[in-house]
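Here's the structure we're looking at; comments come further down.
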Amino acid sequence: MITLDPARLSQHFDPREAEDRWDRAWEEWGVHRYDEEGQGERFVIDTPPPTVSGSLHVGHVFSYTQTDVIARHQRMRGRNVFYPMGWDDNGLPTERRVQNYFNVRCDPSLPYEPGLKTEPAGEGGQKAPPRKVSRKNFIELCLALTAEDEKAFKALWRRLGLSVDWALEYSTISDHARCIAQMSFIDLFRKGHVYQVEAPTQWDVDFRTAVAQAEVEDREQRGAYHHLRFGVEGGGGFVVATTRPELLAACVAVATHPSDARYRGLVGKRAITPLFRAPVPIFSSELVDPEKGTGILMVCTFGDATDVVWWREQGLPVRQIVGRDGRLLPAEFGSGAFPSLDAPAANASYAPLVGRTVKEAQKAIVDQLRDPTGAAAKDAQPPLQGDPQPITHPVKFFEKGDRPLEFITTRQWFVRILEHKQELLDAGRKIQWHPEFMGARYRDWTQNLQLDWGISRQRFFGVPFPVWYPITAQGETDFSRPILADQASLPVDPMSDAPPGYPPSQRDRPGGFRAEADVYDTWFTSSMSPQIASGWTLRPERHRRLFPNDLRPQSHEIIRTWAFYTIVKALLHENTVPWRHAAISGWVLDPDRKKMSKSKGNVLTPMHLLDEYGADAVRYWSLSARLGVDTAFDEKVLKVGRRLSTKLFNVSKFVLTQSAPEAPITRDLDLSFLFRLRETVEQASTSLDAFEYSTALDDVERFFWNGFTDSYVELVKARARSEADPEGRGSAVAALQLGLKVFLRLFAPFLPYITEEAWSWGFAQAEGARSVHRAAWPGVADFGGLRAVEGGGATFDAAVGFLAAVHRAKSQAGASVGRHLARLRVATSPATLRRFECVRADAVAAARVENHAAESREGLADGSFEVLECELAEGRPEA
RNA sequence: AGGCGCGUGGCUCAGUGGUAGAGCGCCUCCUUGACACGGAGGAGGUCGGUGGUUCAAUUCCACCCGCGCCUACCA
């Protein structure tokens with residue numbers, strides 16, 4: 001029996017101080033440590049490595065807490081929990097942040113400057129032109145800044161009480177992760193799952209890199225149909241509608257629908273473009289929509305994805321006029337690539353466009369098109385018919401980009417995924433999604449795949465391909481015979497390391513080698529998070545124990561990227577699924593139910609919330625939301641969490657300061673309360689096993705509040721202090737302590753700080769578990785040996801119902817709860833009356849009734865009491 | 001345009017084939033010995049709309065409306 005001296009306990013709980021103290025204790029004690037040697041059942045979590053260059057967001061707190069509660073519960077269940085934390089630091093977001101933070105740009109042609117000094121650009125620093133730095137200097141800046149960013153994230157995670165095993169921390173740019181990611185490529189290459197090809201690729205002109213289908217999003221943009229009059233060889237003309245007149249010089253064909261009578265006569269002839277007077281074939285295609293525009297359109301290099309399809313199907317030439325920087329390239333009309341019936345005029349028209357951005361070029365060419373001298377049809381009408389007709393239409397953007405994507409022909413590496421669609425769909429069905437409907441997101445995405453996975457990025461801060469190419473004696477790079485790194489030499493940087501069998505001096509020389517300059521798509525590396533954590537080929541035994549993982553938690557917007565690619569890798573490398581369960585968290589919306597985003601300026605940062613309400617309260621808010629449900633941020637819920645935490649503090653103080661001789665639990669009220677508590681334990685356990693933590697929290701909280709603090713504690717208070725009834729007192733105090741001991745453990749995964757604090761006051765020592773987070777999850781062991789009680793929980797309910805009726809009567813009489821009643825007569829159902837007899841003494845004492853009578857009446861609901869007569873006692877007699 | 005999710009008291013959200021639930025907010029009352037960072041009581045909803053199935057629908061089905069997301073649409 002634990003008995004504390006009330007004077008030793010502080011008046012209030014100070015979350016700030018306690019959080020710091022317990023965080024340090026947990027780390028010191030190794031409470032969250034995975035046991036490498038442990039033989040017991042494991043529970044392996046594949047934690048999302050956050051992009052550290054992104055800003056801290058309440059959404060982070062929200063979803064990571066939802067994972068943590070599962071980790072903590074599993075640990076208390078006795079599982080050997082593997083809960084790592086990674087940082088996703090490589091990739092464009094970091095490069096962009098470094099560019100802005102230091103006002104620098106990477107120029108790979110520059111030499112490395114050792115000891116380069118850079119200052120944060122500050123607020124007004126953007127006005128100066130960016131400083132060009134070498135690739136190596138740029139990467140150093142990225143590493144330095146991400147190291148700082150990781151510190152901020154880690155501080156938040158620790159403050160929040162995530163039970164991560166920090167010994168398992170990793171970052172996706174580390175040597176270890178590079179090694180795994182390069183191994184991944186080598187394995188895919190050997191199995192024939194990757195290929196490279198020179199092909200039109202969606203290209204961001206600002207970042208100057210290719211992007212994958214998954215990174216592309218549509219944005220509604222203002223545009224305009226420009227009606228351009230084309231000529232036809234042998235006479236006549238027609239009008240196309242285009243939103244991209246600036247691509248006129250890149251026009252390679254004209255297309256119409258086979259059933260469109262208006263243009264049927266044109267098919268097979270050649271059209272003449274205005275201004276440039278290029279003869280281009282007219283063909284028909286089912287892909288043309290006769291209802292759209294004028295039903296006849298120009299095909300360019302490359303206006304959109306359909307242009308790419310036609311280029312392939314029709315064997316059209318390439319007239320690439322948009323460069324990698326989004327500006328128009330020089331072109332010589334009259335040459336082979338750019339035929340023209342009037343080359344001098346064409347070149348005169350094109351010359352002013354060279355070097356202009358797409359947007360500028362559009363403006364310039366529209367002016368030219370208004371001039372009748374550019375007409376291709378010899379009827380003296382200007383090529384531009386009427387004014388452009390404004391429309392809004394969806395345009396593809398890189399999700400992190402600012403200007404529309406262009407299709408540009410480049411050499412890229414791809415992973416074959418289209419041919420594995422069916423296996424990928426099967427894999428999705430083998431994974432249990434929580435909530436289940438999230439599996440549909442994966443299925444829909446996989447079914448709709450159009451392109452293989454482009455993994456080349458023309459960037460700097462990323463994991464390089466472990467690849468070189470031979471240079472022929474004539475000095476040509478032979479991309480068809482890539483040289484792969486030796487597995488044993490990983491990680492390699494082909495820009496500084498030489499390939500197997502070549503001396504470094506042969507770099508970029510005829511007969512020598514040339515490095516692959518591109519780096520991986522970030523997802524190529526982060527899709528290996530389970531393997532990075534397990535060690536994969538570097539630690540095969542360990543990998544075998546940890547993979548496939550048990551749980552992948554993540555949010556729904558990255559199902560098509562992170563979840564998808566991770567499934568791809570597990571399939572292609574080991575022909576398995578990467579995890580058994582995927583738990584998909586929802587989003588935090590702003591109070592108006594709008595998505596939080598930087599551009600809207602409605603993003604909430606979490607630190608001040610932790611300061612104001614405490615980590616347990618912030619966790620409570622996160623855990624009140626069900627998996628997969630988008631939740632509006634609501635500060636009220638934080639207040640509720642803080643109140644719950646306070647209540648736990650106070651009731652723990654009360655329970656542990658009661659004193660009684662060690663005694664068995666014998667009284668019906670006590671046993672009946674414990675009966676109900678046991679039911680709550682069972683419900684919570686079932687819910688948590690199904691990752692339905694919010695239901696568990698709700699059930700536990702409800703019974704804690706209504707059943708324990710408001711009812712049971714009040715009902716036994718008198719007996720717990722009784723001098724006259726030592727047995728009853730012993731039973732009461734023992735039941736109070738058992739109740740508290742169970743509640744602290746039930747709440748521990750949700751509110752780790754306050755529960756640890758209260759646990760430490762006595763149970764830690766008494767139970768031989770110094771941390772509540774390593775104590776056994778409540779179960780049969782706690783309730784074994786207790787006598788079965790007549791009526792089960794209904795006996796407890798009868799006492800609660802009686803107390804509620806008395807409270808109601810007192811309130812209606814304008815009296816306080818503590819006011820004594822001189823006389824009370826109540827009625828209840830016969831069954832409830834019978835049960836009430838067992839708890840009558842406690843109930844009457846708690847209600848402070850001097851003379852009472854209880855009678856039975858048919859027709860009343862079980863558990864409820866009706867007050868028939870009630871008389872307040874005069875004044876306040878001594879208790 | 002298709003798919004998915006959501007629509008329950010002022011707010012945020014649970015829930016269920018059988019007379020509607022919680023917390024917050026609001027109103028009234030209470031400083032009692034764990035707790036005023038509290039406690040007791042109360043008011044407040046025809047569960048988005050219309051049909052259908054059923055003895056019975058907020059719950060199941062169909063359609064519609066509104067919101068959100070995903071996918072498609074780029075001439």
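Identifiers in the structure tokens: chain A, B, ... in order shown; residue index from 1 per chain; ligand index from 1 in order shown.
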Spatial neighbours of segment 62-67 of chain B, max dist 9 Å, only C-alpha atoms (C1' of nucleotides), sep filter under 2 positions, as a PDB file with all heavy atoms, in the first residue's frame:
ATOM      1  P     C B   6     -17.616   9.019 -44.581  1.00  0.00           P
ATOM      2  OP1   C B   6     -17.538   8.342 -43.277  1.00  0.00           O
ATOM      3  OP2   C B   6     -18.580   8.565 -45.604  1.00  0.00           O
ATOM      4  O5'   C B   6     -17.876  10.574 -44.330  1.00  0.00           O
ATOM      5  C5'   C B   6     -17.087  11.300 -43.391  1.00  0.00           C
ATOM      6  C4'   C B   6     -17.316  12.777 -43.562  1.00  0.00           C
ATOM      7  O4'   C B   6     -17.076  13.156 -44.943  1.00  0.00           O
ATOM      8  C3'   C B   6     -18.748  13.263 -43.330  1.00  0.00           C
ATOM      9  O3'   C B   6     -19.042  13.382 -41.963  1.00  0.00           O
ATOM     10  C2'   C B   6     -18.728  14.608 -44.040  1.00  0.00           C
ATOM     11  O2'   C B   6     -18.045  15.574 -43.282  1.00  0.00           O
ATOM     12  C1'   C B   6     -17.890  14.272 -45.272  1.00  0.00           C
ATOM     13  N1    C B   6     -18.731  13.942 -46.445  1.00  0.00           N
ATOM     14  C2    C B   6     -19.350  15.012 -47.116  1.00  0.00           C
ATOM     15  O2    C B   6     -19.170  16.162 -46.688  1.00  0.00           O
ATOM     16  N3    C B   6     -20.116  14.766 -48.200  1.00  0.00           N
ATOM     17  C4    C B   6     -20.273  13.511 -48.626  1.00  0.00           C
ATOM     18  N4    C B   6     -21.035  13.334 -49.699  1.00  0.00           N
ATOM     19  C5    C B   6     -19.669  12.398 -47.954  1.00  0.00           C
ATOM     20  C6    C B   6     -18.905  12.659 -46.878  1.00  0.00           C
ATOM     21  P     G B   7     -20.580  13.171 -41.475  1.00  0.00           P
ATOM     22  OP1   G B   7     -20.530  13.120 -40.010  1.00  0.00           O
ATOM     23  OP2   G B   7     -21.180  12.094 -42.269  1.00  0.00           O
ATOM     24  O5'   G B   7     -21.280  14.545 -41.910  1.00  0.00           O
ATOM     25  C5'   G B   7     -20.859  15.785 -41.332  1.00  0.00           C
ATOM     26  C4'   G B   7     -21.637  16.902 -42.005  1.00  0.00           C
ATOM     27  O4'   G B   7     -21.513  16.715 -43.423  1.00  0.00           O
ATOM     28  C3'   G B   7     -23.124  16.917 -41.671  1.00  0.00           C
ATOM     29  O3'   G B   7     -23.548  18.194 -41.186  1.00  0.00           O
ATOM     30  C2'   G B   7     -23.835  16.620 -42.981  1.00  0.00           C
ATOM     31  O2'   G B   7     -24.935  17.490 -43.199  1.00  0.00           O
ATOM     32  C1'   G B   7     -22.768  16.916 -44.028  1.00  0.00           C
ATOM     33  N9    G B   7     -22.895  16.032 -45.193  1.00  0.00           N
ATOM     34  C8    G B   7     -22.422  14.753 -45.348  1.00  0.00           C
ATOM     35  N7    G B   7     -22.711  14.242 -46.508  1.00  0.00           N
ATOM     36  C5    G B   7     -23.428  15.234 -47.155  1.00  0.00           C
ATOM     37  C6    G B   7     -24.020  15.259 -48.441  1.00  0.00           C
ATOM     38  O6    G B   7     -24.026  14.370 -49.287  1.00  0.00           O
ATOM     39  N1    G B   7     -24.652  16.464 -48.695  1.00  0.00           N
ATOM     40  C2    G B   7     -24.707  17.530 -47.826  1.00  0.00           C
ATOM     41  N2    G B   7     -25.365  18.614 -48.244  1.00  0.00           N
ATOM     42  N3    G B   7     -24.163  17.535 -46.625  1.00  0.00           N
ATOM     43  C4    G B   7     -23.542  16.356 -46.358  1.00  0.00           C
ATOM     44  P     G B  48     -27.978  14.869 -41.632  1.00  0.00           P
ATOM     45  OP1   G B  48     -28.469  13.568 -42.086  1.00  0.00           O
ATOM     46  OP2   G B  48     -26.532  15.146 -41.593  1.00  0.00           O
ATOM     47  O5'   G B  48     -28.686  15.989 -42.507  1.00  0.00           O
ATOM     48  C5'   G B  48     -28.540  17.355 -42.152  1.00  0.00           C
ATOM     49  C4'   G B  48     -28.873  18.206 -43.344  1.00  0.00           C
ATOM     50  O4'   G B  48     -27.759  18.177 -44.273  1.00  0.00           O
ATOM     51  C3'   G B  48     -30.056  17.715 -44.169  1.00  0.00           C
ATOM     52  O3'   G B  48     -31.285  18.132 -43.628  1.00  0.00           O
ATOM     53  C2'   G B  48     -29.771  18.346 -45.526  1.00  0.00           C
ATOM     54  O2'   G B  48     -30.081  19.721 -45.526  1.00  0.00           O
ATOM     55  C1'   G B  48     -28.244  18.188 -45.597  1.00  0.00           C
ATOM     56  N9    G B  48     -27.856  16.926 -46.231  1.00  0.00           N
ATOM     57  C8    G B  48     -27.165  15.888 -45.652  1.00  0.00           C
ATOM     58  N7    G B  48     -26.975  14.882 -46.469  1.00  0.00           N
ATOM     59  C5    G B  48     -27.584  15.290 -47.659  1.00  0.00           C
ATOM     60  C6    G B  48     -27.698  14.618 -48.899  1.00  0.00           C
ATOM     61  O6    G B  48     -27.279  13.497 -49.217  1.00  0.00           O
ATOM     62  N1    G B  48     -28.384  15.390 -49.833  1.00  0.00           N
ATOM     63  C2    G B  48     -28.889  16.632 -49.594  1.00  0.00           C
ATOM     64  N2    G B  48     -29.526  17.206 -50.613  1.00  0.00           N
ATOM     65  N3    G B  48     -28.801  17.266 -48.440  1.00  0.00           N
ATOM     66  C4    G B  48     -28.132  16.546 -47.523  1.00  0.00           C
ATOM     67  P     G B  49     -32.555  17.153 -43.750  1.00  0.00           P
ATOM     68  OP1   G B  49     -33.626  17.712 -42.894  1.00  0.00           O
ATOM     69  OP2   G B  49     -32.105  15.757 -43.549  1.00  0.00           O
ATOM     70  O5'   G B  49     -32.993  17.314 -45.266  1.00  0.00           O
ATOM     71  C5'   G B  49     -33.407  18.578 -45.759  1.00  0.00           C
ATOM     72  C4'   G B  49     -33.753  18.464 -47.222  1.00  0.00           C
ATOM     73  O4'   G B  49     -32.549  18.150 -47.969  1.00  0.00           O
ATOM     74  C3'   G B  49     -34.705  17.328 -47.579  1.00  0.00           C
ATOM     75  O3'   G B  49     -36.059  17.684 -47.363  1.00  0.00           O
ATOM     76  C2'   G B  49     -34.382  17.099 -49.045  1.00  0.00           C
ATOM     77  O2'   G B  49     -34.982  18.091 -49.867  1.00  0.00           O
ATOM     78  C1'   G B  49     -32.871  17.294 -49.051  1.00  0.00           C
ATOM     79  N9    G B  49     -32.145  16.027 -48.876  1.00  0.00           N
ATOM     80  C8    G B  49     -31.520  15.564 -47.752  1.00  0.00           C
ATOM     81  N7    G B  49     -30.946  14.397 -47.927  1.00  0.00           N
ATOM     82  C5    G B  49     -31.235  14.071 -49.244  1.00  0.00           C
ATOM     83  C6    G B  49     -30.883  12.930 -50.017  1.00  0.00           C
ATOM     84  O6    G B  49     -30.228  11.942 -49.664  1.00  0.00           O
ATOM     85  N1    G B  49     -31.389  13.007 -51.311  1.00  0.00           N
ATOM     86  C2    G B  49     -32.122  14.054 -51.810  1.00  0.00           C
ATOM     87  N2    G B  49     -32.512  13.952 -53.073  1.00  0.00           N
ATOM     88  N3    G B  49     -32.455  15.133 -51.111  1.00  0.00           N
ATOM     89  C4    G B  49     -31.973  15.070 -49.849  1.00  0.00           C
ATOM     90  P     U B  50     -37.102  16.538 -46.978  1.00  0.00           P
ATOM     91  OP1   U B  50     -38.342  17.228 -46.573  1.00  0.00           O
ATOM     92  OP2   U B  50     -36.449  15.575 -46.057  1.00  0.00           O
ATOM     93  O5'   U B  50     -37.351  15.787 -48.361  1.00  0.00           O
ATOM     94  C5'   U B  50     -37.768  16.516 -49.514  1.00  0.00           C
ATOM     95  C4'   U B  50     -37.758  15.605 -50.716  1.00  0.00           C
ATOM     96  O4'   U B  50     -36.390  15.272 -51.071  1.00  0.00           O
ATOM     97  C3'   U B  50     -38.408  14.246 -50.501  1.00  0.00           C
ATOM     98  O3'   U B  50     -39.820  14.311 -50.574  1.00  0.00           O
ATOM     99  C2'   U B  50     -37.782  13.414 -51.615  1.00  0.00           C
ATOM    100  O2'   U B  50     -38.367  13.687 -52.863  1.00  0.00           O
ATOM    101  C1'   U B  50     -36.347  13.956 -51.607  1.00  0.00           C
ATOM    102  N1    U B  50     -35.448  13.132 -50.774  1.00  0.00           N
ATOM    103  C2    U B  50     -34.872  12.018 -51.362  1.00  0.00           C
ATOM    104  O2    U B  50     -35.073  11.715 -52.521  1.00  0.00           O
ATOM    105  N3    U B  50     -34.056  11.279 -50.541  1.00  0.00           N
ATOM    106  C4    U B  50     -33.764  11.539 -49.217  1.00  0.00           C
ATOM    107  O4    U B  50     -33.003  10.775 -48.608  1.00  0.00           O
ATOM    108  C5    U B  50     -34.396  12.701 -48.672  1.00  0.00           C
ATOM    109  C6    U B  50     -35.208  13.440 -49.449  1.00  0.00           C
ATOM    110  P     G B  51     -40.688  13.079 -50.049  1.00  0.00           P
ATOM    111  OP1   G B  51     -42.071  13.541 -49.932  1.00  0.00           O
ATOM    112  OP2   G B  51     -39.991  12.454 -48.887  1.00  0.00           O
ATOM    113  O5'   G B  51     -40.581  12.089 -51.278  1.00  0.00           O
ATOM    114  C5'   G B  51     -40.877  10.741 -51.101  1.00  0.00           C
ATOM    115  C4'   G B  51     -40.199   9.928 -52.184  1.00  0.00           C
ATOM    116  O4'   G B  51     -38.820  10.342 -52.324  1.00  0.00           O
ATOM    117  C3'   G B  51     -40.109   8.448 -51.837  1.00  0.00           C
ATOM    118  O3'   G B  51     -41.320   7.780 -52.149  1.00  0.00           O
ATOM    119  C2'   G B  51     -38.928   7.998 -52.661  1.00  0.00           C
ATOM    120  O2'   G B  51     -39.254   7.840 -54.028  1.00  0.00           O
ATOM    121  C1'   G B  51     -37.990   9.205 -52.489  1.00  0.00           C
ATOM    122  N9    G B  51     -37.168   9.063 -51.278  1.00  0.00           N
ATOM    123  C8    G B  51     -37.200   9.860 -50.151  1.00  0.00           C
ATOM    124  N7    G B  51     -36.355   9.490 -49.230  1.00  0.00           N
ATOM    125  C5    G B  51     -35.715   8.375 -49.778  1.00  0.00           C
ATOM    126  C6    G B  51     -34.706   7.544 -49.254  1.00  0.00           C
ATOM    127  O6    G B  51     -34.138   7.614 -48.158  1.00  0.00           O
ATOM    128  N1    G B  51     -34.353   6.521 -50.137  1.00  0.00           N
ATOM    129  C2    G B  51     -34.908   6.342 -51.387  1.00  0.00           C
ATOM    130  N2    G B  51     -34.448   5.317 -52.088  1.00  0.00           N
ATOM    131  N3    G B  51     -35.857   7.114 -51.895  1.00  0.00           N
ATOM    132  C4    G B  51     -36.216   8.105 -51.044  1.00  0.00           C
ATOM    133  P     G B  52     -41.964   6.850 -51.043  1.00  0.00           P
ATOM    134  OP1   G B  52     -43.325   6.489 -51.489  1.00  0.00           O
ATOM    135  OP2   G B  52     -41.744   7.481 -49.727  1.00  0.00           O
ATOM    136  O5'   G B  52     -41.027   5.559 -51.143  1.00  0.00           O
ATOM    137  C5'   G B  52     -40.892   4.884 -52.389  1.00  0.00           C
ATOM    138  C4'   G B  52     -39.725   3.935 -52.350  1.00  0.00           C
ATOM    139  O4'   G B  52     -38.511   4.662 -52.042  1.00  0.00           O
ATOM    140  C3'   G B  52     -39.791   2.865 -51.262  1.00  0.00           C
ATOM    141  O3'   G B  52     -40.642   1.799 -51.618  1.00  0.00           O
ATOM    142  C2'   G B  52     -38.330   2.446 -51.172  1.00  0.00           C
ATOM    143  O2'   G B  52     -37.972   1.584 -52.235  1.00  0.00           O
ATOM    144  C1'   G B  52     -37.613   3.793 -51.360  1.00  0.00           C
ATOM    145  N9    G B  52     -37.242   4.400 -50.071  1.00  0.00           N
ATOM    146  C8    G B  52     -37.792   5.505 -49.467  1.00  0.00           C
ATOM    147  N7    G B  52     -37.224   5.789 -48.315  1.00  0.00           N
ATOM    148  C5    G B  52     -36.254   4.803 -48.159  1.00  0.00           C
ATOM    149  C6    G B  52     -35.320   4.590 -47.107  1.00  0.00           C
ATOM    150  O6    G B  52     -35.158   5.238 -46.072  1.00  0.00           O
ATOM    151  N1    G B  52     -34.527   3.474 -47.352  1.00  0.00           N
ATOM    152  C2    G B  52     -34.610   2.670 -48.461  1.00  0.00           C
ATOM    153  N2    G B  52     -33.770   1.646 -48.529  1.00  0.00           N
ATOM    154  N3    G B  52     -35.467   2.865 -49.454  1.00  0.00           N
ATOM    155  C4    G B  52     -36.253   3.942 -49.231  1.00  0.00           C
TER     156        G B  52
END
Spatial neighbours of segment 750-758 of chain A, 8 Å, only C-alpha atoms (C1' of nucleotides), chain gap at least 6 places, as a list of chain:residue names: A:Pro15, A:Ala18, A:Glu19, A:Trp22, A:Val69, A:Gly161, A:Ala615, A:Asp616, A:Ala617, A:Arg619, A:Tyr620, A:Leu623, A:Ser645, A:Leu648, A:Phe649, A:Ser652, A:Lys653, A:Leu697, A:Leu744, A:Ser771, A:Val772, A:His773
Expected file contents, prior selection, C-alpha atoms, as a PDB file, in the first residue's frame:
ATOM      1  CA  PRO A  15       4.339  20.506 -17.828  1.00  0.00           C
ATOM      2  CA  ALA A  18       8.257  17.745 -16.250  1.00  0.00           C
ATOM      3  CA  GLU A  19       8.625  17.340 -20.012  1.00  0.00           C
ATOM      4  CA  TRP A  22      11.155  12.952 -18.249  1.00  0.00           C
ATOM      5  CA  VAL A  69       0.469   6.226 -29.389  1.00  0.00           C
ATOM      6  CA  GLY A 161       7.338  12.900 -26.235  1.00  0.00           C
ATOM      7  CA  ALA A 615       2.781  18.303 -24.596  1.00  0.00           C
ATOM      8  CA  ASP A 616       0.113  16.026 -23.146  1.00  0.00           C
ATOM      9  CA  ALA A 617      -2.625  18.474 -24.104  1.00  0.00           C
ATOM     10  CA  ARG A 619      -1.101  15.046 -27.876  1.00  0.00           C
ATOM     11  CA  TYR A 620      -4.645  14.774 -26.584  1.00  0.00           C
ATOM     12  CA  LEU A 623      -5.297  11.692 -30.607  1.00  0.00           C
ATOM     13  CA  SER A 645      -4.013  16.093 -17.491  1.00  0.00           C
ATOM     14  CA  LEU A 648      -5.055  12.978 -13.502  1.00  0.00           C
ATOM     15  CA  PHE A 649      -2.567  14.910 -11.430  1.00  0.00           C
ATOM     16  CA  SER A 652      -3.448  10.682  -8.317  1.00  0.00           C
ATOM     17  CA  LYS A 653      -2.529  12.960  -5.486  1.00  0.00           C
ATOM     18  CA  LEU A 697      -9.050   7.423 -25.701  1.00  0.00           C
ATOM     19  CA  LEU A 744      -2.323   5.584 -15.439  1.00  0.00           C
ATOM     20  CA  SER A 771       8.729   3.844 -16.125  1.00  0.00           C
ATOM     21  CA  VAL A 772       5.019   3.462 -16.695  1.00  0.00           C
ATOM     22  CA  HIS A 773       5.907   3.165 -20.378  1.00  0.00           C
TER      23      HIS A 773
END
Chain A residues near chain B (6 Å cut-off, only C-alpha atoms (C1' of nucleotides)) as a VMD selection string: chain A and resid 242 297 394 to 395 650 to 651 653 to 654 808 811 814 816 818
Residue nearest G15 of chain B among B:C47, B:C27, B:A57, B:A36 (counting only C-alpha atoms (C1' of nucleotides)):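 Closest to G15 of chain B, using only C-alpha atoms (C1' of nucleotides): B:C47.
Atom CA of Gly792 of chain A is found 16.2 Å from atom CA of Val780 of chain A.
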Sel. of helix (DSSP H, G or I) residues, segment 138-258 of chain A, as number ranges by chain: A: 138-160, 166-168, 175-190, 213-215, 245-250
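With distances restricted to only C-alpha atoms, A:Gly614 is the closest residue to Arg16 of chain A from A:Gly614, A:Leu746, A:Arg835, A:Arg787.
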Would you list, as a PDB file with C-alpha atoms, in the first residue's frame, the residues of segment 44-245 of chain A that end up in strand (DSSP E or B) under DSSP run on this structure's backbone?
ATOM      1  CA  VAL A  44       8.468  -2.548 -36.570  1.00  0.00           C
ATOM      2  CA  ILE A  45       7.452   0.935 -37.644  1.00  0.00           C
ATOM      3  CA  THR A  51      11.497  16.940 -45.055  1.00  0.00           C
ATOM      4  CA  ASN A  80      10.154  -5.182 -28.938  1.00  0.00           C
ATOM      5  CA  VAL A  81       9.324  -1.956 -30.720  1.00  0.00           C
ATOM      6  CA  PHE A  82      11.524  -0.784 -33.576  1.00  0.00           C
ATOM      7  CA  GLY A  86      14.786   9.615 -40.286  1.00  0.00           C
ATOM      8  CA  TRP A  87      15.297  13.001 -41.849  1.00  0.00           C
ATOM      9  CA  ASP A  88      14.607  13.472 -45.498  1.00  0.00           C
ATOM     10  CA  VAL A 104      23.346  31.527 -53.830  1.00  0.00           C
ATOM     11  CA  ARG A 105      22.997  29.460 -56.984  1.00  0.00           C
ATOM     12  CA  CYS A 106      24.908  26.361 -57.860  1.00  0.00           C
ATOM     13  CA  ARG A 131      26.222  34.422 -55.757  1.00  0.00           C
ATOM     14  CA  LYS A 132      27.377  31.504 -57.912  1.00  0.00           C
ATOM     15  CA  VAL A 133      29.054  28.721 -56.009  1.00  0.00           C
ATOM     16  CA  TYR A 170      19.150   8.299 -39.898  1.00  0.00           C
ATOM     17  CA  SER A 171      19.138  10.828 -42.703  1.00  0.00           C
ATOM     18  CA  VAL A 194      15.692   0.315 -65.007  1.00  0.00           C
ATOM     19  CA  TYR A 195      16.479   1.768 -68.383  1.00  0.00           C
ATOM     20  CA  GLN A 196      17.595   5.056 -69.807  1.00  0.00           C
ATOM     21  CA  VAL A 197      16.220   6.759 -72.822  1.00  0.00           C
ATOM     22  CA  GLU A 198      16.365  10.078 -74.557  1.00  0.00           C
ATOM     23  CA  ALA A 199      12.760  11.151 -74.683  1.00  0.00           C
ATOM     24  CA  PRO A 200      10.426  14.045 -74.097  1.00  0.00           C
ATOM     25  CA  THR A 201      10.128  14.538 -70.373  1.00  0.00           C
ATOM     26  CA  GLN A 202       8.120  16.902 -68.249  1.00  0.00           C
ATOM     27  CA  TRP A 203      10.560  19.590 -67.306  1.00  0.00           C
ATOM     28  CA  ASP A 204      10.555  22.442 -64.808  1.00  0.00           C
ATOM     29  CA  THR A 209      15.117  19.315 -63.921  1.00  0.00           C
ATOM     30  CA  ALA A 210      12.870  16.543 -65.075  1.00  0.00           C
ATOM     31  CA  VAL A 216       2.926  16.936 -61.341  1.00  0.00           C
ATOM     32  CA  GLU A 217      -0.241  18.784 -60.431  1.00  0.00           C
ATOM     33  CA  ASP A 218      -2.867  20.668 -62.380  1.00  0.00           C
ATOM     34  CA  ARG A 219      -3.504  24.327 -61.739  1.00  0.00           C
ATOM     35  CA  GLU A 220      -6.304  26.356 -63.242  1.00  0.00           C
ATOM     36  CA  GLN A 221      -4.723  29.075 -65.357  1.00  0.00           C
ATOM     37  CA  ARG A 222      -6.000  31.908 -67.468  1.00  0.00           C
ATOM     38  CA  GLY A 223      -5.244  31.408 -71.114  1.00  0.00           C
ATOM     39  CA  ALA A 224      -6.762  32.248 -74.455  1.00  0.00           C
ATOM     40  CA  TYR A 225      -7.659  30.525 -77.661  1.00  0.00           C
ATOM     41  CA  HIS A 226      -5.799  32.189 -80.459  1.00  0.00           C
ATOM     42  CA  HIS A 227      -7.406  31.476 -83.790  1.00  0.00           C
ATOM     43  CA  LEU A 228      -4.665  31.106 -86.370  1.00  0.00           C
ATOM     44  CA  ARG A 229      -5.271  30.822 -90.045  1.00  0.00           C
ATOM     45  CA  PHE A 230      -3.112  28.217 -91.766  1.00  0.00           C
ATOM     46  CA  GLY A 231      -2.662  27.820 -95.481  1.00  0.00           C
ATOM     47  CA  VAL A 232      -2.995  24.621 -97.439  1.00  0.00           C
ATOM     48  CA  GLY A 237      -6.833  27.474 -95.601  1.00  0.00           C
ATOM     49  CA  PHE A 238      -8.315  26.659 -92.239  1.00  0.00           C
ATOM     50  CA  VAL A 239      -8.227  28.021 -88.724  1.00  0.00           C
ATOM     51  CA  VAL A 240      -6.777  26.260 -85.699  1.00  0.00           C
ATOM     52  CA  ALA A 241      -7.360  27.284 -82.114  1.00  0.00           C
ATOM     53  CA  THR A 242      -4.340  27.242 -79.856  1.00  0.00           C
TER      54      THR A 242
END
